[in-house]
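Asks: Coordinates in query-v2.cif, mmCIF, C-alpha atoms (C1' of nucleotides), are listed below.
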data_work
#
loop_
_atom_site.label_atom_id
_atom_site.label_comp_id
_atom_site.auth_asym_id
_atom_site.auth_seq_id
_atom_site.Cartn_x
_atom_site.Cartn_y
_atom_site.Cartn_z
CA MET N 1 16.34 -5.10 11.38
CA THR N 2 12.71 -5.96 11.12
CA ASN N 3 12.87 -6.34 7.39
CA ASN N 4 9.79 -8.51 7.16
CA SER N 5 8.96 -8.67 3.50
CA GLU N 6 6.15 -11.11 4.19
CA LEU N 7 4.24 -8.28 5.82
CA ASP N 8 5.01 -6.05 2.85
CA ALA N 9 3.35 -8.50 0.49
CA LEU N 10 0.48 -9.16 2.85
CA PHE N 11 -0.46 -5.54 3.42
CA GLN N 12 0.11 -4.78 -0.23
CA SER N 13 -2.34 -7.52 -1.14
CA LEU N 14 -4.94 -5.98 1.15
CA ALA N 15 -4.45 -2.46 -0.17
CA ASP N 16 -6.81 -2.95 -3.10
CA PRO N 17 -10.63 -3.02 -2.99
CA THR N 18 -10.90 -5.71 -5.66
CA ARG N 19 -8.66 -8.05 -3.74
CA ARG N 20 -10.37 -7.38 -0.43
CA ALA N 21 -13.71 -8.07 -2.09
CA ILE N 22 -12.38 -11.34 -3.47
CA LEU N 23 -11.27 -12.39 -0.02
CA ALA N 24 -14.57 -11.37 1.54
CA ARG N 25 -16.47 -13.34 -1.06
CA LEU N 26 -14.27 -16.39 -0.67
CA ALA N 27 -14.95 -16.28 3.03
CA HIS N 28 -18.42 -17.57 2.23
CA GLY N 29 -16.99 -20.52 0.36
CA SER N 30 -14.68 -21.53 -2.47
CA ALA N 31 -15.56 -20.45 -5.98
CA SER N 32 -14.46 -20.73 -9.59
CA VAL N 33 -12.73 -17.87 -11.38
CA THR N 34 -15.83 -17.16 -13.44
CA ASP N 35 -18.08 -17.05 -10.39
CA LEU N 36 -15.69 -14.79 -8.54
CA PHE N 37 -15.32 -12.58 -11.54
CA ALA N 38 -19.04 -12.07 -12.21
CA PRO N 39 -19.69 -9.01 -9.99
CA PHE N 40 -16.65 -7.09 -11.17
CA ASP N 41 -16.64 -4.51 -13.91
CA MET N 42 -13.24 -5.14 -15.41
CA ALA N 43 -11.61 -7.30 -18.03
CA LEU N 44 -10.93 -10.89 -17.05
CA PRO N 45 -7.13 -10.68 -17.45
CA SER N 46 -7.06 -7.73 -15.06
CA PHE N 47 -9.03 -9.74 -12.58
CA LEU N 48 -6.70 -12.69 -12.99
CA GLN N 49 -3.77 -10.53 -12.05
CA HIS N 50 -5.44 -9.85 -8.72
CA LEU N 51 -6.04 -13.54 -8.19
CA ARG N 52 -2.43 -14.29 -8.98
CA LYS N 53 -1.28 -11.65 -6.56
CA LEU N 54 -3.44 -13.14 -3.84
CA GLU N 55 -2.04 -16.57 -4.61
CA ASP N 56 1.56 -15.32 -4.67
CA GLY N 57 0.97 -13.65 -1.35
CA GLY N 58 -0.28 -16.92 0.09
CA LEU N 59 -3.77 -15.59 0.75
CA ILE N 60 -5.55 -18.07 -1.49
CA GLU N 61 -4.95 -21.47 -3.03
CA THR N 62 -6.18 -22.54 -6.43
CA THR N 63 -6.57 -25.86 -8.18
CA LYS N 64 -7.58 -26.53 -11.73
CA GLN N 65 -9.81 -29.37 -12.74
CA GLY N 66 -10.82 -29.57 -16.35
CA ARG N 67 -11.27 -25.99 -17.49
CA VAL N 68 -12.34 -24.76 -14.09
CA ARG N 69 -9.98 -23.26 -11.56
CA THR N 70 -11.32 -23.23 -8.04
CA CYS N 71 -10.10 -20.67 -5.52
CA THR N 72 -10.02 -21.21 -1.78
CA LEU N 73 -8.97 -19.10 1.16
CA ARG N 74 -5.89 -19.97 3.15
CA VAL N 75 -7.38 -19.41 6.54
CA GLY N 76 -4.21 -18.67 8.46
CA ALA N 77 -2.76 -16.25 5.93
CA LEU N 78 -3.83 -13.09 7.68
CA ALA N 79 -2.27 -14.10 10.97
CA PRO N 80 1.07 -12.29 10.55
CA ALA N 81 -0.66 -9.04 9.62
CA ARG N 82 -3.05 -9.40 12.51
CA GLY N 83 -0.13 -10.15 14.76
CA TRP N 84 1.69 -7.01 13.76
CA MET N 85 -1.39 -4.88 14.27
CA GLU N 86 -2.12 -6.37 17.63
CA GLU N 87 1.47 -5.81 18.67
CA GLN N 88 1.18 -2.18 17.66
CA ARG N 89 -2.15 -1.75 19.38
CA LEU N 90 -0.71 -2.92 22.66
CA LEU N 91 2.25 -0.57 22.32
CA TRP N 92 0.12 2.38 21.22
CA GLU N 93 -2.44 2.01 23.92
CA GLY N 94 0.24 1.45 26.51
CA ARG N 95 1.50 4.97 25.82
CA HIS N 96 -1.85 6.62 25.70
CA ASP N 97 -1.24 8.47 28.96
CA ARG N 98 1.99 9.91 27.60
CA LEU N 99 0.20 11.02 24.47
CA GLU N 100 -2.24 13.09 26.41
CA ASP N 101 0.66 14.58 28.25
CA TYR N 102 2.33 15.47 25.00
CA LEU N 103 -0.82 17.05 23.59
CA ALA N 104 -1.03 19.22 26.68
CA THR N 105 2.45 20.58 25.99
CA LEU N 106 1.47 21.32 22.42
CA LEU N 107 -1.25 23.69 23.54
CA GLN N 108 1.34 25.90 25.14
CA GLY N 109 3.05 26.55 21.80
CA PRO N 110 2.51 29.66 19.64
CA ASP N 111 0.69 27.70 16.93
CA THR N 112 -2.71 27.92 18.55
CA ASP N 113 -4.45 29.29 15.51
CA GLY N 114 -4.97 27.57 12.15
CA MET W 1 -19.12 -2.93 -3.71
CA THR W 2 -17.65 -1.64 -0.49
CA ASN W 3 -15.29 0.79 -2.14
CA ASN W 4 -13.60 1.79 1.07
CA SER W 5 -10.66 3.89 -0.02
CA GLU W 6 -9.73 4.59 3.58
CA LEU W 7 -8.69 0.95 3.89
CA ASP W 8 -6.75 1.24 0.63
CA ALA W 9 -4.67 4.07 2.02
CA LEU W 10 -4.29 2.42 5.39
CA PHE W 11 -3.05 -0.93 4.13
CA GLN W 12 -0.91 0.82 1.55
CA SER W 13 0.73 2.80 4.33
CA LEU W 14 1.50 -0.39 6.19
CA ALA W 15 2.91 -2.16 3.15
CA ASP W 16 6.35 -0.66 3.57
CA PRO W 17 9.02 -1.65 6.10
CA THR W 18 10.25 1.91 6.60
CA ARG W 19 6.78 3.13 7.48
CA ARG W 20 6.05 0.20 9.77
CA ALA W 21 9.33 0.85 11.53
CA ILE W 22 8.43 4.51 11.96
CA LEU W 23 5.13 3.55 13.53
CA ALA W 24 6.75 1.01 15.80
CA ARG W 25 9.28 3.55 16.94
CA LEU W 26 6.66 6.21 17.52
CA ALA W 27 4.77 3.75 19.68
CA HIS W 28 7.47 4.29 22.26
CA GLY W 29 6.88 8.03 22.24
CA SER W 30 6.78 11.07 19.99
CA ALA W 31 9.96 12.10 18.23
CA SER W 32 11.41 14.74 15.97
CA VAL W 33 12.07 14.09 12.29
CA THR W 34 15.81 13.97 12.87
CA ASP W 35 15.50 11.49 15.72
CA LEU W 36 13.18 9.31 13.72
CA PHE W 37 15.43 9.49 10.71
CA ALA W 38 18.66 8.54 12.47
CA PRO W 39 18.51 4.73 12.14
CA PHE W 40 17.56 4.74 8.47
CA ASP W 41 19.98 4.39 5.62
CA MET W 42 18.34 6.68 3.09
CA ALA W 43 18.31 10.32 2.09
CA LEU W 44 16.27 12.64 4.25
CA PRO W 45 13.85 13.71 1.50
CA SER W 46 13.02 10.07 0.82
CA PHE W 47 12.33 9.60 4.48
CA LEU W 48 10.15 12.69 4.57
CA GLN W 49 7.97 11.25 1.83
CA HIS W 50 7.22 8.31 4.08
CA LEU W 51 6.35 10.64 6.92
CA ARG W 52 4.05 12.62 4.67
CA LYS W 53 2.36 9.46 3.51
CA LEU W 54 1.78 8.42 7.09
CA GLU W 55 0.38 11.85 7.86
CA ASP W 56 -1.84 11.89 4.77
CA GLY W 57 -3.13 8.48 5.73
CA GLY W 58 -4.00 9.79 9.18
CA LEU W 59 -1.58 7.48 10.95
CA ILE W 60 0.51 10.23 12.50
CA GLU W 61 0.17 13.89 13.39
CA THR W 62 2.98 16.39 13.20
CA THR W 63 3.51 19.87 14.55
CA LYS W 64 6.35 22.21 13.96
CA GLN W 65 7.83 24.35 16.66
CA GLY W 66 10.87 26.43 15.76
CA ARG W 67 12.83 24.31 13.32
CA VAL W 68 11.76 21.06 14.89
CA ARG W 69 8.84 19.02 13.65
CA THR W 70 7.52 16.54 16.16
CA CYS W 71 5.69 13.42 15.05
CA THR W 72 3.08 11.62 17.11
CA LEU W 73 0.97 8.56 16.56
CA ARG W 74 -2.74 8.84 16.02
CA VAL W 75 -3.77 6.08 18.30
CA GLY W 76 -7.08 5.15 16.73
CA ALA W 77 -5.83 5.18 13.16
CA LEU W 78 -5.34 1.45 12.84
CA ALA W 79 -8.84 0.65 14.03
CA PRO W 80 -10.49 0.37 10.59
CA ALA W 81 -7.79 -1.97 9.34
CA ARG W 82 -8.01 -4.03 12.49
CA GLY W 83 -11.77 -4.04 12.13
CA TRP W 84 -11.62 -5.35 8.59
CA MET W 85 -9.16 -8.06 9.53
CA GLU W 86 -11.18 -9.13 12.51
CA GLU W 87 -14.31 -9.18 10.39
CA GLN W 88 -12.57 -11.42 7.91
CA ARG W 89 -11.19 -13.68 10.57
CA LEU W 90 -14.64 -14.24 11.99
CA LEU W 91 -16.07 -14.91 8.55
CA TRP W 92 -13.23 -17.23 7.63
CA GLU W 93 -13.67 -19.16 10.80
CA GLY W 94 -17.38 -19.30 10.23
CA ARG W 95 -18.41 -17.33 13.30
CA HIS W 96 -20.74 -14.85 11.74
CA ASP W 97 -22.80 -14.49 14.93
CA ARG W 98 -19.93 -12.99 16.90
CA LEU W 99 -19.28 -10.29 14.34
CA GLU W 100 -21.97 -7.93 15.56
CA ASP W 101 -20.76 -8.33 19.08
CA TYR W 102 -17.21 -7.46 18.13
CA LEU W 103 -18.24 -4.46 16.05
CA ALA W 104 -20.15 -3.13 19.03
CA THR W 105 -17.03 -3.19 21.16
CA LEU W 106 -15.11 -1.37 18.43
CA LEU W 107 -17.50 1.56 18.57
CA GLN W 108 -16.78 2.09 22.22
CA GLY W 109 -13.15 2.86 21.46
CA PRO W 110 -10.07 1.46 23.13
CA ASP W 111 -9.94 3.90 26.04
CA THR W 112 -13.23 2.79 27.51
CA ASP W 113 -11.71 -0.54 28.34
CA GLY W 114 -10.40 -1.16 31.80
"C1'" DA B 1 26.55 38.77 10.31
"C1'" DC B 2 27.77 34.18 9.50
"C1'" DT B 3 27.32 29.23 10.27
"C1'" DT B 4 25.18 25.29 11.60
"C1'" DT B 5 21.03 22.75 12.23
"C1'" DA B 6 16.44 21.10 10.78
"C1'" DG B 7 13.49 20.53 7.48
"C1'" DT B 8 11.50 21.52 2.74
"C1'" DT B 9 10.82 21.80 -2.24
"C1'" DA B 10 11.70 20.68 -7.04
"C1'" DG B 11 12.86 17.72 -10.40
"C1'" DC B 12 14.70 13.33 -12.08
"C1'" DA B 13 14.84 8.15 -12.79
"C1'" DA B 14 13.83 3.21 -12.15
"C1'" DT B 15 10.49 0.10 -11.08
"C1'" DA B 16 5.86 -1.53 -9.75
"C1'" DT B 17 0.94 -1.47 -10.30
"C1'" DG B 18 -3.31 -2.05 -12.52
"C1'" DA B 19 -5.86 -1.54 -16.34
"C1'" DC B 20 -6.70 -2.79 -21.39
"C1'" DT B 21 -6.93 -5.58 -26.09
"C1'" DA B 22 -5.81 -9.40 -28.93
"C1'" DA B 23 -4.63 -13.76 -29.59
"C1'" DC B 24 -4.00 -18.27 -27.73
"C1'" DA B 25 -4.76 -22.90 -25.26
"C1'" DA B 26 -7.55 -26.51 -23.40
"C1'" DT B 27 -11.74 -28.65 -22.16
"C1'" DT B 28 -16.54 -29.79 -22.88
"C1'" DC B 29 -20.81 -30.05 -25.55
"C1'" DG B 30 -23.77 -30.84 -29.73
"C1'" DC X 1 -15.48 -32.52 -35.92
"C1'" DG X 2 -16.78 -27.80 -34.84
"C1'" DA X 3 -18.20 -24.47 -31.51
"C1'" DA X 4 -18.74 -22.63 -27.08
"C1'" DT X 5 -16.80 -22.16 -22.42
"C1'" DT X 6 -12.98 -21.23 -19.25
"C1'" DG X 7 -8.98 -19.61 -18.47
"C1'" DT X 8 -4.16 -17.96 -19.96
"C1'" DT X 9 -0.38 -15.36 -22.12
"C1'" DA X 10 1.70 -11.46 -24.44
"C1'" DG X 11 2.22 -6.87 -25.17
"C1'" DT X 12 0.85 -2.05 -24.37
"C1'" DC X 13 -0.17 2.05 -21.65
"C1'" DA X 14 -0.86 5.41 -17.81
"C1'" DT X 15 0.01 6.29 -13.30
"C1'" DA X 16 1.96 5.56 -8.68
"C1'" DT X 17 5.73 4.46 -5.83
"C1'" DT X 18 10.21 5.06 -4.02
"C1'" DG X 19 14.50 6.34 -4.28
"C1'" DC X 20 18.03 10.16 -5.42
"C1'" DT X 21 20.51 15.02 -5.76
"C1'" DA X 22 20.61 19.88 -5.64
"C1'" DA X 23 19.05 23.96 -4.06
"C1'" DC X 24 16.36 26.28 -0.82
"C1'" DT X 25 13.99 28.36 3.68
"C1'" DA X 26 13.83 29.12 8.47
"C1'" DA X 27 15.45 29.06 13.11
"C1'" DA X 28 19.39 28.83 16.47
"C1'" DG X 29 23.94 29.18 17.91
"C1'" DT X 30 28.45 31.90 18.06
#
For this file, produce the structure as structure tokens.
Replies:
Amino acid sequence: MTNNSELDALFQSLADPTRRAILARLAHGSASVTDLFAPFDMALPSFLQHLRKLEDGGLIETTKQGRVRTCTLRVGALAPARGWMEEQRLLWEGRHDRLEDYLATLLQGPDTDG
Amino acid sequence: MTNNSELDALFQSLADPTRRAILARLAHGSASVTDLFAPFDMALPSFLQHLRKLEDGGLIETTKQGRVRTCTLRVGALAPARGWMEEQRLLWEGRHDRLEDYLATLLQGPDTDG
DNA sequence: ACTTTAGTTAGCAATATGACTAACAATTCG
DNA sequence: CGAATTGTTAGTCATATTGCTAACTAAAGT
């Protein structure tokens, strides 16, 4: 079976606007927790949970120096998710002709009114 | 912030192995609920919840004819997720200039490509 | 009509998620 | 030292997720 729990964690990490925003911001460069946190309207511990989730999912790395923890993107982390999506895209688009064929058969059914 | 709840739902839909497997299977062609359900080791109502989630998230379409409900992929549904990931990849790799170019090709849709 | 097939609905339970406050380090600055 | 800064941990709460069973509807088959 394709029981790829890495993809579970990856997509789960991306399924939250706070975490996507963190990633987008980190794309412009590493940043401390406080800097990252600044634009968000939530309590710091809540924010830290998101950071931890990103770290657990391998999307970011963090290192602490003194009191400051610096967060950095792991550049290759999205690759498996992108790979899955690309795989699907190729399959989906490969069957596009059949889809149109199927939709044509649907029109012949009795459910023509909504 | 970019509070894009469409991406929330999309990534959430993909964050489950059952749902990814359904999508992968549907990529090979439309199928009835019973056919789709066959390889899974769970109760049918549990499975139906996944199907409903995929439908609510716009990833599949279903139509019922007689007692049989047929499920079909919505081919363009993954595009926003793919777009976000590609956007991030370009940012992460520091190629901000190519972003606009890529986004332009997205707008043309996959079926305009030869 | 009765049965089988195909799917649906309702309701329950365990766990995960995402938020909060309060209290606690640990480091740095005056 | 004492105080501010930076982050962490613990504990709580509401809701969402994901699974189940049992009972049900609707269409076909015999």
Asks: For the structure provided, state which residues fall under the PyMOL selection byres ((chain N) within 12 of (chain X)), and present them as a PyMOL selection string.
Replies: chain N and resi 32-35+37+44-49+52+64-70
Asks: Evaluate the PyMOL selection byres ((chain W) within 9 of (chain N)) here and jot the selected residues down as a VMD selection string.
Replies: chain W and resid 1 to 5 7 to 18 21 23 to 24 26 to 30 63 to 65 72 to 76 78 to 79 81 to 82 85 to 86 88 to 89 91 to 94 110 to 111
Asks: Calculated over only C-alpha atoms (C1' of nucleotides), which of the candidates N:Leu36, N:Cys71, N:Ala43, N:Ala31 has the smallest distance to chain B?
Replies: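 Comparing N:Leu36, N:Cys71, N:Ala43, N:Ala31 against chain B, the winner is N:Ala43.
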Asks: For chain B against chain W, with a cut-off of 10 Å and counting only C-alpha atoms (C1' of nucleotides), what is the closest atom pair and its distance in Å to one decimal for every residue that makes the cut, ordered by chain and number, as CSV?
Replies:
residue,atom,partner,partner_atom,distance
B:DT5,C1',W:Arg67,CA,8.4
B:DA6,C1',W:Arg67,CA,5.5
B:DG7,C1',W:Arg67,CA,7.0
B:DT8,C1',W:Pro45,CA,8.2
B:DT9,C1',W:Pro45,CA,9.4
Asks: Work out where the centre of an axis-aligned box around every listed atom of stretch 16-34 of chain N lies and how long its edges are once 4 Å is added on each side; give both in Å to one decimal as AutoDock Vina command-line options.
Replies:
--center_x -12.6 --center_y -12.2 --center_z -5.2 --size_x 19.6 --size_y 26.6 --size_z 24.5
Asks: Could you jot down the atom C1' of B:DC24 to atom CA of N:Leu54 separation for me, Å, one decimal place?
Replies: 24.4 Å
Asks: As an exercise, work out the distance from atom C1' of B:DA13 to atom CA of W:Met42 in Å and give it to one decimal place.
Replies: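 Pair atom C1' of B:DA13 / atom CA of W:Met42 returns 16.3 Å.
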Asks: Grab the atom C1' of B:DT15 to atom CA of W:Asp41 distance for me, in Å with one decimal place.
Replies: 19.7 Å
